[in-house]
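Next up, input33.csv (CSV, C-alpha atoms):
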chain,number,residue,atom,x,y,z
J,1,MET,CA,8.9,10.8,21.2
J,2,GLU,CA,9.2,9.7,17.6
J,3,LEU,CA,8.2,12.4,15.2
J,4,VAL,CA,6.7,10.4,12.4
J,5,SER,CA,3.7,8.1,12.4
J,6,PRO,CA,3.0,6.7,8.9
J,7,ARG,CA,-0.6,5.8,8.1
J,8,VAL,CA,-0.9,2.0,7.8
J,9,ASN,CA,-3.4,-0.8,7.3
J,10,SER,CA,-3.2,-4.1,9.1
J,11,ALA,CA,-1.0,-5.8,6.5
J,12,ARG,CA,1.7,-3.2,6.9
J,13,LEU,CA,1.9,-3.4,10.7
J,14,PRO,CA,4.7,-6.0,10.8
J,15,ALA,CA,7.1,-3.6,9.0
J,16,PHE,CA,6.7,-1.0,11.8
J,17,LYS,CA,7.2,-3.1,14.9
J,18,GLY,CA,8.2,-1.0,17.8
J,19,ARG,CA,7.5,2.2,16.0
J,20,HIS,CA,4.6,4.7,15.9
J,21,VAL,CA,1.9,4.4,13.3
J,22,ARG,CA,-1.5,5.9,12.5
J,23,LEU,CA,-4.2,3.4,12.0
J,24,PRO,CA,-7.5,4.6,10.5
J,25,CYS,CA,-10.0,2.0,11.6
J,26,LYS,CA,-13.5,1.0,12.6
J,27,LEU,CA,-14.3,0.2,16.2
J,28,LEU,CA,-15.8,-3.3,16.4
J,29,LYS,CA,-15.9,-4.1,20.1
J,30,PHE,CA,-14.2,-3.8,23.5
J,31,GLN,CA,-12.5,-6.9,24.9
J,32,GLY,CA,-11.0,-6.7,28.4
J,33,SER,CA,-8.7,-3.8,28.4
J,34,SER,CA,-8.4,-3.7,24.7
J,35,ALA,CA,-10.5,-2.6,21.7
J,36,ILE,CA,-10.8,-4.7,18.6
J,37,VAL,CA,-10.8,-2.6,15.5
J,38,GLU,CA,-11.0,-3.3,11.8
J,39,ALA,CA,-8.3,-1.6,9.7
J,40,CYS,CA,-9.0,-0.2,6.2
J,41,ASP,CA,-7.9,-3.3,4.5
J,42,GLY,CA,-10.3,-5.4,6.5
J,43,GLY,CA,-7.8,-6.9,8.9
J,44,GLN,CA,-8.5,-6.9,12.6
J,45,VAL,CA,-6.1,-5.3,15.1
J,46,GLU,CA,-6.1,-5.3,18.9
J,47,VAL,CA,-5.6,-1.9,20.4
J,48,ARG,CA,-4.3,-2.0,24.0
J,49,LEU,CA,-5.8,0.7,26.1
J,50,SER,CA,-4.8,2.2,29.5
J,51,PRO,CA,-7.5,2.9,32.0
J,52,ALA,CA,-7.5,6.6,31.2
J,53,ASP,CA,-7.8,6.2,27.4
J,54,GLU,CA,-10.9,7.3,25.7
J,55,LEU,CA,-12.1,5.7,22.5
J,56,THR,CA,-15.7,6.4,21.3
J,57,GLY,CA,-17.6,6.6,18.1
J,58,THR,CA,-17.4,4.4,15.1
J,59,TYR,CA,-14.4,5.4,13.0
J,60,ALA,CA,-11.1,6.8,14.3
J,61,GLU,CA,-7.5,7.4,13.4
J,62,ILE,CA,-5.5,5.7,16.2
J,63,ILE,CA,-2.0,6.8,16.8
J,64,GLY,CA,0.0,4.2,18.7
J,65,GLN,CA,3.1,2.0,19.0
J,66,VAL,CA,3.2,-1.3,17.2
J,67,VAL,CA,3.5,-4.2,19.6
J,68,ASP,CA,3.3,-7.0,17.0
J,69,GLU,CA,1.8,-7.7,13.7
J,70,SER,CA,-1.8,-7.5,15.0
J,71,THR,CA,-1.5,-5.4,18.1
J,72,ILE,CA,-0.8,-1.7,18.8
J,73,LYS,CA,-0.6,0.2,22.0
J,74,PHE,CA,-3.0,3.2,22.0
J,75,MET,CA,-1.5,6.7,22.5
J,76,PHE,CA,-4.3,8.8,21.2
J,77,GLY,CA,-7.2,8.8,18.8
J,78,ILE,CA,-8.9,11.3,16.5
J,79,SER,CA,-12.5,10.7,15.5
J,80,MET,CA,-13.2,10.2,11.9
J,81,ASP,CA,-16.9,10.2,12.3
J,82,SER,CA,-19.0,12.6,10.2
J,83,GLU,CA,-22.3,12.9,8.3
J,84,LYS,CA,-21.0,10.7,5.5
J,85,GLU,CA,-19.6,7.3,6.4
J,86,PHE,CA,-15.8,7.2,6.5
J,87,ASP,CA,-14.7,5.7,3.2
J,88,MET,CA,-12.4,2.9,4.2
J,89,LYS,CA,-11.7,1.9,0.6
J,90,LEU,CA,-10.5,5.4,-0.3
J,91,VAL,CA,-8.4,5.4,2.8
J,92,ASN,CA,-6.8,2.1,1.9
J,93,ASP,CA,-6.1,3.2,-1.6
J,94,VAL,CA,-4.4,6.3,-0.4
J,95,ILE,CA,-2.3,4.4,2.2
J,96,GLU,CA,-1.2,1.9,-0.5
J,97,LEU,CA,-0.3,4.8,-2.8
J,98,SER,CA,1.7,6.5,-0.1
J,99,PHE,CA,4.1,3.6,-0.2
J,100,ASP,CA,4.5,3.7,-4.0
J,101,PRO,CA,8.1,4.6,-5.0
J,102,ARG,CA,6.8,7.5,-7.1
J,103,PHE,CA,6.0,9.4,-3.9
J,104,LYS,CA,8.9,8.5,-1.8
J,105,LYS,CA,10.0,12.1,-1.5
J,106,MET,CA,6.7,13.0,0.0
J,107,PHE,CA,6.9,10.6,3.0
J,108,PRO,CA,9.9,9.7,5.2
J,109,GLN,CA,11.3,6.2,4.6
D,1,MET,CA,-15.0,38.1,-38.8
D,2,SER,CA,-17.3,39.4,-36.0
D,3,GLN,CA,-19.2,36.2,-35.5
D,4,TYR,CA,-16.1,34.6,-34.0
D,5,ASN,CA,-15.4,37.5,-31.6
D,6,ASP,CA,-18.7,37.0,-29.8
D,7,HIS,CA,-18.2,33.2,-29.7
D,8,TYR,CA,-14.9,33.5,-27.9
D,9,GLY,CA,-15.5,36.5,-25.7
D,10,GLY,CA,-12.7,38.4,-24.1
D,11,GLY,CA,-11.0,35.7,-22.1
D,12,TYR,CA,-9.1,33.8,-24.8
D,13,MET,CA,-6.3,36.3,-25.2
D,14,THR,CA,-4.8,35.4,-21.8
D,15,GLY,CA,-4.2,31.9,-23.0
D,16,GLY,CA,-3.2,32.8,-26.5
D,17,SER,CA,-0.7,35.5,-26.0
D,18,PRO,CA,2.8,34.2,-25.0
D,19,TYR,CA,3.0,36.8,-22.3
D,20,GLY,CA,-0.5,36.6,-20.8
D,21,GLY,CA,-2.6,39.6,-19.9
D,22,GLY,CA,-0.4,42.4,-18.5
D,23,GLY,CA,2.2,40.2,-16.9
D,24,SER,CA,5.8,41.0,-17.7
D,25,PRO,CA,7.7,38.6,-19.9
D,26,GLY,CA,10.7,36.5,-18.8
D,27,GLY,CA,12.0,36.0,-15.3
D,28,PHE,CA,10.2,38.8,-13.4
D,29,GLY,CA,6.7,37.7,-14.4
D,30,ARG,CA,7.5,34.1,-13.6
D,31,LYS,CA,8.8,35.0,-10.1
D,32,SER,CA,5.8,36.9,-9.0
D,33,GLU,CA,3.5,34.2,-10.5
D,34,ILE,CA,5.1,31.5,-8.4
D,35,SER,CA,5.0,33.5,-5.3
D,36,HIS,CA,1.2,33.7,-5.7
D,37,SER,CA,0.9,30.0,-6.2
D,38,LEU,CA,-0.4,27.6,-3.6
D,39,ARG,CA,1.2,24.2,-3.3
D,40,PRO,CA,-0.3,21.3,-1.3
D,41,LEU,CA,2.4,19.4,0.5
D,42,THR,CA,3.1,16.9,3.2
D,43,ILE,CA,5.0,18.2,6.2
D,44,HIS,CA,7.9,16.0,5.2
D,45,GLN,CA,8.1,17.8,1.9
D,46,VAL,CA,7.9,21.2,3.7
D,47,LEU,CA,10.8,20.1,5.9
D,48,THR,CA,12.9,19.2,2.9
D,49,ALA,CA,12.4,22.6,1.2
D,50,SER,CA,15.4,24.9,1.4
D,51,GLN,CA,16.4,28.5,0.9
D,52,ALA,CA,19.7,29.7,-0.6
D,53,HIS,CA,19.9,32.7,1.7
D,54,PRO,CA,17.4,34.4,4.0
D,55,ASP,CA,15.7,36.5,1.3
D,56,ALA,CA,15.8,33.9,-1.5
D,57,ASP,CA,12.9,31.9,-2.7
D,58,TRP,CA,12.1,28.6,-1.1
D,59,MET,CA,13.0,25.7,-3.3
D,60,LEU,CA,11.7,22.1,-3.3
D,61,ASP,CA,13.2,19.6,-5.8
D,62,ASP,CA,14.5,22.4,-8.1
D,63,THR,CA,11.1,24.1,-8.1
D,64,GLU,CA,10.3,27.4,-6.4
D,65,ILE,CA,7.4,27.3,-4.0
D,66,GLY,CA,5.3,30.2,-2.9
D,67,GLN,CA,2.6,29.6,-0.4
D,68,VAL,CA,2.0,26.1,1.0
D,69,THR,CA,-1.1,24.3,2.3
D,70,ILE,CA,-1.1,21.3,4.6
D,71,VAL,CA,-3.6,19.2,6.5
D,72,ALA,CA,-2.5,18.0,9.9
D,73,HIS,CA,-3.6,17.6,13.4
D,74,ILE,CA,-2.7,20.0,16.1
D,75,SER,CA,-0.4,18.4,18.6
D,76,SER,CA,-0.1,21.4,20.8
D,77,VAL,CA,-1.3,25.0,21.0
D,78,GLN,CA,0.5,27.9,22.7
D,79,SER,CA,-1.5,31.2,22.7
D,80,GLN,CA,0.3,34.4,23.4
D,81,ALA,CA,-0.8,38.0,23.2
D,82,THR,CA,0.5,38.6,19.7
D,83,ASN,CA,0.5,35.2,18.2
D,84,SER,CA,-0.5,31.6,18.5
D,85,GLN,CA,1.9,28.8,18.0
D,86,TYR,CA,0.7,25.4,16.8
D,87,ILE,CA,2.7,22.2,16.4
D,88,LEU,CA,1.3,20.4,13.5
D,89,ASP,CA,1.7,16.7,12.8
D,90,ASP,CA,0.4,14.9,9.6
D,91,GLY,CA,2.1,11.6,10.2
D,92,SER,CA,5.0,12.4,7.8
D,93,GLY,CA,6.6,15.0,10.1
D,94,ARG,CA,6.0,17.8,12.5
D,95,ILE,CA,6.3,21.6,11.9
D,96,GLU,CA,5.4,24.7,13.8
D,97,ALA,CA,2.9,27.2,12.5
D,98,ARG,CA,2.5,30.7,13.8
D,99,ARG,CA,-0.5,32.8,13.4
D,100,TRP,CA,-0.1,36.5,14.2
D,101,VAL,CA,-3.1,37.7,16.1
D,102,ASP,CA,-4.7,41.2,15.9
D,103,SER,CA,-5.3,41.9,19.6
D,104,SER,CA,-8.2,44.2,18.8
D,105,VAL,CA,-10.1,41.3,17.2
D,106,GLU,CA,-11.4,38.7,19.5
D,107,ASP,CA,-9.7,35.3,19.1
D,108,ASN,CA,-12.4,32.8,18.5
D,109,SER,CA,-10.1,29.9,17.5
D,110,GLU,CA,-11.4,27.7,20.3
D,111,ARG,CA,-15.0,28.3,19.3
D,112,LEU,CA,-14.1,27.4,15.7
D,113,GLY,CA,-12.6,24.1,16.7
D,114,ILE,CA,-8.9,25.0,16.3
D,115,VAL,CA,-7.8,23.1,19.4
D,116,GLU,CA,-5.4,20.4,20.4
D,117,GLY,CA,-6.2,17.1,18.7
D,118,ALA,CA,-8.2,18.6,15.9
D,119,TYR,CA,-7.3,18.1,12.3
D,120,VAL,CA,-6.9,21.5,10.5
D,121,ARG,CA,-6.0,22.9,7.2
D,122,VAL,CA,-3.2,25.5,7.4
D,123,SER,CA,-2.1,27.7,4.6
D,124,GLY,CA,0.7,30.3,4.6
D,125,SER,CA,4.3,31.0,3.7
D,126,LEU,CA,7.5,29.3,4.8
D,127,LYS,CA,9.7,31.2,7.1
D,128,MET,CA,12.9,30.6,9.0
D,129,PHE,CA,13.5,31.6,12.7
D,130,GLY,CA,17.1,31.0,13.5
D,131,ASP,CA,17.6,27.5,12.2
D,132,LYS,CA,14.0,26.4,12.6
D,133,LYS,CA,11.5,26.4,9.8
D,134,TYR,CA,7.9,27.4,10.5
D,135,ILE,CA,4.8,28.3,8.6
D,136,ASN,CA,3.6,31.8,8.8
D,137,ALA,CA,-0.1,30.9,8.7
D,138,SER,CA,-2.4,33.2,6.9
D,139,HIS,CA,-5.3,30.8,7.2
D,140,ILE,CA,-6.2,28.0,9.7
D,141,ARG,CA,-9.5,26.2,9.8
D,142,PRO,CA,-10.8,22.8,11.0
D,143,ILE,CA,-11.2,20.3,8.2
D,144,LYS,CA,-14.6,20.0,6.7
D,145,SER,CA,-14.7,16.2,6.8
D,146,PRO,CA,-12.3,13.4,7.6
D,147,HIS,CA,-12.0,12.7,3.9
D,148,GLU,CA,-10.2,16.1,3.5
D,149,ILE,CA,-7.2,14.4,5.0
D,150,TYR,CA,-7.1,12.0,2.1
D,151,PHE,CA,-8.1,14.5,-0.5
D,152,HIS,CA,-5.1,16.6,0.5
D,153,ILE,CA,-2.7,13.7,0.3
D,154,LEU,CA,-4.0,12.9,-3.2
D,155,GLU,CA,-3.8,16.5,-4.3
D,156,ALA,CA,-0.3,16.8,-3.0
D,157,MET,CA,0.6,13.6,-5.0
D,158,THR,CA,-0.9,15.0,-8.1
D,159,ALA,CA,0.9,18.4,-7.8
D,160,THR,CA,4.2,16.7,-7.0
D,161,LEU,CA,3.9,14.5,-10.1
D,162,MET,CA,2.9,17.4,-12.3
D,163,TRP,CA,5.9,19.5,-11.2
D,164,GLU,CA,8.1,16.5,-11.8
D,165,ARG,CA,6.7,15.3,-15.2
D,166,GLY,CA,4.5,18.1,-16.5
D,167,PRO,CA,0.7,17.9,-16.8
D,168,PRO,CA,-0.9,14.7,-18.1
D,169,PRO,CA,-1.4,14.7,-21.9
D,170,ARG,CA,-4.7,15.9,-23.3
D,171,PRO,CA,-6.6,13.3,-25.2
D,172,GLY,CA,-5.0,13.1,-28.7
D,173,GLN,CA,-1.8,14.8,-27.6
D,174,ASN,CA,1.5,13.0,-27.8
D,175,ALA,CA,2.9,12.3,-24.3
D,176,GLN,CA,6.5,12.9,-25.5
D,177,ASP,CA,5.6,16.5,-26.6
D,178,ILE,CA,5.2,17.6,-23.0
D,179,VAL,CA,8.7,17.9,-21.5
D,180,PRO,CA,9.0,19.8,-18.3
D,181,LYS,CA,12.1,21.9,-18.1
D,182,ALA,CA,13.9,21.9,-14.8
D,183,HIS,CA,13.2,25.5,-13.6
D,184,GLN,CA,10.0,26.1,-15.6
D,185,SER,CA,6.4,26.0,-14.6
D,186,ALA,CA,4.9,23.5,-16.9
D,187,ALA,CA,1.3,24.6,-17.2
D,188,SER,CA,0.5,23.9,-13.5
D,189,ALA,CA,-3.0,24.5,-12.2
D,190,TYR,CA,-1.4,26.0,-9.2
D,191,SER,CA,0.2,29.0,-11.0
D,192,ALA,CA,-1.7,32.3,-10.9
D,193,GLN,CA,-1.0,32.9,-14.6
D,194,SER,CA,0.6,30.4,-16.8
D,195,HIS,CA,3.1,32.4,-18.8
D,196,HIS,CA,5.3,29.6,-19.9
D,197,ILE,CA,3.2,27.0,-21.6
D,198,ALA,CA,4.8,24.4,-23.9
D,199,ASP,CA,4.2,25.6,-27.5
D,200,ASN,CA,1.7,22.9,-28.4
D,201,ASP,CA,-0.4,23.8,-25.4
D,202,GLN,CA,-0.5,27.5,-26.4
D,203,PHE,CA,-3.1,26.8,-29.0
D,204,ALA,CA,-5.0,24.0,-27.3
D,205,TYR,CA,-8.0,26.2,-26.5
D,206,LEU,CA,-8.7,26.5,-30.3
D,207,PRO,CA,-11.4,24.5,-31.9
D,208,LYS,CA,-10.3,21.4,-33.6
D,209,LEU,CA,-10.0,22.7,-37.2
D,210,HIS,CA,-8.1,25.8,-36.2
D,211,HIS,CA,-5.8,23.8,-34.0
D,212,SER,CA,-5.1,21.3,-36.8
D,213,ILE,CA,-4.3,24.2,-39.2
D,214,ILE,CA,-1.8,25.7,-36.7
D,215,THR,CA,-0.3,22.4,-35.9
D,216,PHE,CA,0.2,21.6,-39.6
D,217,MET,CA,1.7,25.0,-40.3
D,218,GLN,CA,4.1,24.6,-37.4
D,219,SER,CA,5.2,21.3,-38.6
D,220,GLN,CA,6.3,22.6,-42.0
D,221,PRO,CA,10.0,23.6,-42.6
D,222,PRO,CA,10.4,27.3,-41.9
D,223,SER,CA,10.3,29.5,-45.0
D,224,ASP,CA,9.8,33.2,-45.7
D,225,ALA,CA,6.7,32.6,-47.8
D,226,GLY,CA,5.0,30.4,-45.2
D,227,VAL,CA,2.5,27.8,-46.1
D,228,HIS,CA,0.1,27.8,-49.1
D,229,VAL,CA,-3.6,27.4,-48.3
D,230,SER,CA,-3.9,24.4,-50.7
D,231,ALA,CA,-1.2,22.6,-48.7
D,232,ILE,CA,-3.2,23.3,-45.5
D,233,ALA,CA,-6.4,22.2,-47.1
D,234,ARG,CA,-4.8,18.9,-48.3
D,235,ALA,CA,-3.3,18.2,-44.9
D,236,VAL,CA,-6.2,19.2,-42.7
D,237,GLY,CA,-9.1,18.1,-44.8
D,238,GLY,CA,-12.4,19.8,-45.0
D,239,ASP,CA,-13.9,22.1,-47.6
D,240,ALA,CA,-12.3,25.3,-48.9
D,241,VAL,CA,-14.9,27.6,-47.2
D,242,SER,CA,-14.2,26.1,-43.7
D,243,ILE,CA,-10.5,26.5,-44.2
D,244,SER,CA,-10.9,30.0,-45.5
D,245,ASP,CA,-13.1,31.0,-42.6
D,246,ALA,CA,-10.8,29.4,-40.1
D,247,LEU,CA,-7.8,31.3,-41.5
D,248,ASP,CA,-9.8,34.5,-41.3
D,249,LYS,CA,-10.4,33.8,-37.7
D,250,LEU,CA,-6.8,33.1,-37.0
D,251,LEU,CA,-5.9,36.3,-38.8
D,252,ASP,CA,-8.3,38.2,-36.7
D,253,GLU,CA,-6.7,36.8,-33.5
D,254,GLY,CA,-3.3,37.7,-34.8
D,255,LEU,CA,-2.2,34.0,-34.7
D,256,VAL,CA,-1.3,33.9,-38.4
D,257,PHE,CA,-0.5,36.5,-41.0
D,258,SER,CA,-0.3,36.5,-44.8
D,259,THR,CA,3.0,36.8,-46.5
D,260,ILE,CA,3.6,37.2,-50.3
D,261,ASP,CA,-0.1,37.0,-51.2
D,262,GLU,CA,-3.4,35.9,-49.7
D,263,SER,CA,-2.7,32.3,-50.3
D,264,HIS,CA,0.4,32.1,-48.1
D,265,TYR,CA,0.3,32.2,-44.3
D,266,LYS,CA,2.7,32.0,-41.5
D,267,VAL,CA,2.1,31.4,-37.8
D,268,ALA,CA,2.9,34.5,-35.7
D,269,VAL,CA,5.5,33.7,-33.1

Output the file's structure in the form of structure tokens.
Amino acid sequence: MELVSPRVNSARLPAFKGRHVRLPCKLLKFQGSSAIVEACDGGQVEVRLSPADELTGTYAEIIGQVVDESTIKFMFGISMDSEKEFDMKLVNDVIELSFDPRFKKMFPQ
Amino acid sequence: MSQYNDHYGGGYMTGGSPYGGGGSPGGFGRKSEISHSLRPLTIHQVLTASQAHPDADWMLDDTEIGQVTIVAHISSVQSQATNSQYILDDGSGRIEARRWVDSSVEDNSERLGIVEGAYVRVSGSLKMFGDKKYINASHIRPIKSPHEIYFHILEAMTATLMWERGPPPRPGQNAQDIVPKAHQSAASAYSAQSHHIADNDQFAYLPKLHHSIITFMQSQPPSDAGVHVSAIARAVGGDAVSISDALDKLLDEGLVFSTIDESHYKVAV
């Protein structure tokens, strides 16, 4: 299994097609065998689930494989729910910063 | 003058003296200071750190690192009698962490939430086992909130930039004055004691007037007689009494000394 899974928002998905990513997101609704989530930049993403997959709560970090620019296949999820609402703007700012060339030695290219 | 001693208390000497309180000067002091420092990193950074030989310091981008702290989720746990092994994954890479367990103390990791799938903060030192790096974890705990993940990334970014470029300039300070030297700890918040502070930072704790006096004196061409008080007064401004009081204070602290007469002063090195 691939050892890296960069944190992304919906706009950055196309660059990681076929690879694993981490998507912090808000669960909007279930649709068939998928979940529709909102990424931290506001874009909607379809998360394909298998029957055994569990996805509950409001906010989660979903680790999965990118199918196409707006779809990922669920591998596992970690809840981001807490007393304070998950700050999606902060998350998006950090994600965008992590792609800044100043920090390229901190994250794999 | 005694009024100033009370005002500053006992703590200022640590910052003012070039060698700090009780630390040894030069290389030895700096080495133990770095080994007590704690550096927030991404796992990718930890994996790029290297060691010249098994007992050498760990280096990252030409800087020594002591202890490290990371925030990652636990991909797998293996508990044995004497130690627990965790595979940690923070998105930038994976690394193993080992925590040595005292068998006489009950292991309540599960109860604390240190389980597979949980995000945790791990602190400890880097070790090598054969050709594999791992973290010898002195401390593991679940994160206190999901935002800790992002706080940690931002903290690691800040520390990385500070080691690369030096600390951000204080208001009023010239950015070009702060030049990080390759193997030197530019006043990093992560050092236990900052022995090697750039000269202009050494006096930064002083009140404005005193700081201006020192700065002016340092800017003058070196001479045995030092600087005349009237030159100081002209350059710094303010009335004679304030300048005189300020100089008394600097004399008391040992930062300046008088030379040929009481009107000439030099900055103590």

- Note on the structure: Residue with the minimum atom-to-atom distance to chain D, picked from J:Asn92, J:Ser82, J:Gln44, J:Val66 with only C-alpha atoms counted, is J:Ser82

- Counting only C-alpha atoms, the residue among J:Met75, J:Leu13, J:Met80, J:Leu97 that lies closest to Leu27 in chain J is J:Met80

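Distance criterion 6 Å to chain D, applied with all atoms listed in the file, yields J:Leu3, J:Val4, J:Ser5, J:Pro6, J:Met80, J:Met106, J:Phe107 on chain J.
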
- Kindly indicate which residue among J:Lys26, J:Arg48, J:Arg19, J:Arg12 lies nearest to Glu69 in chain J, using only C-alpha atoms for the distances. J:Arg12

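Selecting by distance to (8.1, 34.4, -47.3) with a limit of 7 Å and using all atoms listed in the file, one obtains D:Ser223, D:Asp224, D:Ala225, D:Gly226, D:Thr259, D:Ile260.
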
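Comparing D:Arg234, D:Arg99, D:Lys127, D:Arg170 by their smallest distance to His53 in chain D, the closest is D:Lys127 (using all atoms listed in the file).
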
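Residues with any atom within 10 Å of Ser138 in chain D, counting all atoms listed in the file and excluding same-chain neighbours fewer than 5 positions away, are D:Gln67, D:Ala97, D:Arg98, D:Arg99, D:Trp100, D:Val122, D:Ser123, D:Gly124, D:Ser125.
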
Saved selection, atoms kept: C-alpha atoms, as an mmCIF file, in the coordinates of the input:
data_model
loop_
_atom_site.group_PDB
_atom_site.id
_atom_site.type_symbol
_atom_site.label_atom_id
_atom_site.label_comp_id
_atom_site.auth_asym_id
_atom_site.auth_seq_id
_atom_site.Cartn_x
_atom_site.Cartn_y
_atom_site.Cartn_z
ATOM 1 C CA GLN D 67 2.600 29.600 -0.400
ATOM 2 C CA ALA D 97 2.900 27.200 12.500
ATOM 3 C CA ARG D 98 2.500 30.700 13.800
ATOM 4 C CA ARG D 99 -0.500 32.800 13.400
ATOM 5 C CA TRP D 100 -0.100 36.500 14.200
ATOM 6 C CA VAL D 122 -3.200 25.500 7.400
ATOM 7 C CA SER D 123 -2.100 27.700 4.600
ATOM 8 C CA GLY D 124 0.700 30.300 4.600
ATOM 9 C CA SER D 125 4.300 31.000 3.700
#

- Query: CA of Leu247 in chain D and CA of Glu262 in chain D are how many Å apart?
  - Reply: 10.4 Å

- Shortest contact to Ser35 in chain D, candidates D:Ala52, D:Leu47, D:Val105, D:Leu126, atoms counted all atoms listed in the file, goes to D:Leu126

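Closest approach to Glu46 in chain J among J:Glu61, J:Pro24, J:Lys29, J:Ile72 is made by J:Ile72 (distances from all atoms listed in the file).
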
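Rounded to one decimal, CA of Glu64 in chain D and CA of Met162 in chain D lie 13.8 Å from each other.
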
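We find CA of Ser244 in chain D and CA of Ala231 in chain D to be spaced 12.6 Å apart.
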
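Excluding Ile214 in chain D itself and same-chain residues fewer than 4 positions from it, the residues having an atom within 9 Å of it are Phe203, Leu209, His210, Gln218, Ser219, Leu250, Leu255, Val256 and Val267 of chain D, counting only C-alpha atoms.
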
- Message: Neighbouring residues of Glu96 in chain J were defined as those with any atom within 10 Å, considering all atoms listed in the file; residues of the same chain fewer than 2 positions away were excluded. Please report them as a list in words.
- Response: Arg7, Val8, Asn9, Arg12, Asp41, Leu90, Val91, Asn92, Asp93, Val94, Ser98, Phe99 and Asp100 of chain J

Would you write out those residues with C-alpha atoms, as a PDB file, keeping the file's coordinate frame?
ATOM      1  CA  ARG J   7      -0.600   5.800   8.100  1.00  0.00           C
ATOM      2  CA  VAL J   8      -0.900   2.000   7.800  1.00  0.00           C
ATOM      3  CA  ASN J   9      -3.400  -0.800   7.300  1.00  0.00           C
ATOM      4  CA  ARG J  12       1.700  -3.200   6.900  1.00  0.00           C
ATOM      5  CA  ASP J  41      -7.900  -3.300   4.500  1.00  0.00           C
ATOM      6  CA  LEU J  90     -10.500   5.400  -0.300  1.00  0.00           C
ATOM      7  CA  VAL J  91      -8.400   5.400   2.800  1.00  0.00           C
ATOM      8  CA  ASN J  92      -6.800   2.100   1.900  1.00  0.00           C
ATOM      9  CA  ASP J  93      -6.100   3.200  -1.600  1.00  0.00           C
ATOM     10  CA  VAL J  94      -4.400   6.300  -0.400  1.00  0.00           C
ATOM     11  CA  SER J  98       1.700   6.500  -0.100  1.00  0.00           C
ATOM     12  CA  PHE J  99       4.100   3.600  -0.200  1.00  0.00           C
ATOM     13  CA  ASP J 100       4.500   3.700  -4.000  1.00  0.00           C
TER      14      ASP J 100
END

- Message: Which residues are near Cys25 in chain J? Cut-off 12 Å, only C-alpha atoms, ignore same chain within fewer than 5 positions. Put them as a PyMOL selection string.
- Response: chain J and resi 7-10+35-47+55+57-63+77-81+86-89+91-92
